[in-house]
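Visitor: Next up, protein-v5.txt (compact mmCIF, C-alpha atoms and all ligand atoms).
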# COMPACT_ATOMS: atom_id res chain seq x y z
CA MET A 44 10.28 -16.71 4.64
CA ALA A 45 7.84 -15.18 7.04
CA LYS A 46 4.63 -13.85 5.65
CA SER A 47 3.17 -10.55 6.59
CA ARG A 48 -0.29 -9.16 6.99
CA CYS A 49 -1.06 -6.25 4.78
CA PRO A 50 -2.33 -3.34 6.90
CA LEU A 51 -4.58 -2.20 4.06
CA CYS A 52 -6.43 -5.33 2.94
CA ASN A 53 -5.66 -7.61 5.92
CA GLU A 54 -4.55 -10.38 3.61
CA ILE A 55 -1.56 -12.56 4.42
CA VAL A 56 0.91 -11.76 1.71
CA GLU A 57 4.35 -12.94 0.64
CA GLU A 58 5.85 -9.54 1.02
CA LEU A 59 5.05 -6.00 1.87
CA ARG A 60 6.46 -3.15 -0.09
CA TYR A 61 7.94 -0.20 1.69
CA GLN A 62 9.39 3.06 0.52
CA LEU A 63 6.36 3.62 -1.63
CA HIS A 64 7.55 7.08 -2.50
CA LEU A 65 10.36 5.40 -4.40
CA LEU A 66 8.08 2.93 -6.16
CA SER A 67 5.38 5.35 -7.05
CA ASP A 68 4.39 8.90 -6.33
CA ALA A 69 2.74 11.05 -3.71
CA TYR A 70 -0.66 10.42 -5.24
CA LEU A 71 -0.56 6.75 -4.28
CA ILE A 72 0.37 7.54 -0.70
CA GLN A 73 -2.42 10.12 -0.54
CA GLN A 74 -4.90 7.49 -1.73
CA ILE A 75 -3.83 5.06 0.98
CA MET A 76 -4.04 7.71 3.69
CA THR A 77 -7.50 8.69 2.51
CA GLU A 78 -8.72 5.13 2.98
CA HIS A 79 -6.61 4.38 6.06
CA PRO A 80 -5.95 7.57 8.01
CA GLU A 81 -3.78 5.82 10.60
CA TRP A 82 -1.51 4.23 8.01
CA VAL A 83 2.04 5.41 7.71
CA GLU A 84 4.45 4.61 4.95
CA GLU A 85 6.52 2.44 7.30
CA ASP A 86 3.56 0.05 7.63
CA GLY A 87 4.04 -0.98 4.04
CA ALA A 88 1.50 -2.25 1.55
CA CYS A 89 1.15 -5.41 -0.47
CA PRO A 90 1.67 -5.37 -4.24
CA MET A 91 -2.02 -5.98 -4.85
CA CYS A 92 -3.03 -2.93 -2.87
CA ILE A 93 -0.45 -0.85 -4.66
CA GLU A 94 -1.78 -1.99 -8.02
CA ARG A 95 -5.37 -1.46 -6.97
CA LEU A 96 -4.70 2.07 -5.81
CA ARG A 97 -2.66 2.80 -8.87
CA SER A 98 -5.49 1.77 -11.13
CA THR A 99 -8.21 3.72 -9.33
CA GLY A 100 -8.89 7.40 -9.23
CA ARG A 101 -6.33 8.37 -11.77
CA ALA A 102 -8.63 8.58 -14.77
ZN ZN B 201 -2.95 -5.33 0.68
Taking this structure as input, can you express it in the form of structure tokens?

Guide:
Amino acid sequence: MAKSRCPLCNEIVEELRYQLHLLSDAYLIQQIMTEHPEWVEEDGACPMCIERLRSTGRA
């Protein structure tokens, strides 16, 4: 299975997750766009980035 490069952390990852609005909520997408203004949801994100963003800023 081909590996992908995460557009957020630039790591080579097993898989990228798409359809983040289904996995999480608008807050997560806002966080990504704040850090990476050129990112679009179709670019995807790796699970680690999703977890990192989920665990930050929500307190
Ligand atoms: Zn990543």

Visitor: Leaving out range 80-94 of chain A and any residue of its chain fewer than 4 positions from it, which residues lie within 7 Å of it when counting all atoms listed in the file, given as a VMD selection string?

Guide: chain A and resid 49 to 51 56 58 to 63 76 98

Visitor: Record the distance separating CA of Ala45 in chain A and CA of Thr77 in chain A, expressed in Å with one decimal.

Guide: 28.7 Å

Visitor: Between A:Gln74, A:Ser47, A:Asp68, A:Glu54, which residue has the minimum interatomic distance to ligand ZN 201 (chain B), considering only C-alpha atoms and all ligand atoms?

Guide: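 The answer is A:Glu54, which sits nearest to ligand ZN 201 (chain B).
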
Visitor: Rounded to one decimal in Å, what is the spacing between CA of Lys46 in chain A and CA of Ile75 in chain A?

Guide: 21.2 Å

Visitor: To one decimal in Å, tell me the separation between CA of Gln73 in chain A and CA of Arg48 in chain A.

Guide: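 Distance reported for this atom pair: 20.8 Å.
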
Visitor: Around all the atoms of range 83-88 of chain A listed in the file, draw an axis-aligned box and extend it by 6 Å on each of the six sides; I want its centre and edge lengths in Å to one decimal, as AutoDock Vina command-line options.

Guide:
--center_x 4.0 --center_y 1.6 --center_z 4.6 --size_x 17.0 --size_y 19.7 --size_z 18.2

Visitor: Go through A:Glu78, A:Ile72, A:Arg95, A:Leu66 one by one, measure the shortest atom-to-atom distance of each to ligand ZN 201 (chain B) using all atoms listed in the file, and give the residue with the smallest value.

Guide: A:Arg95
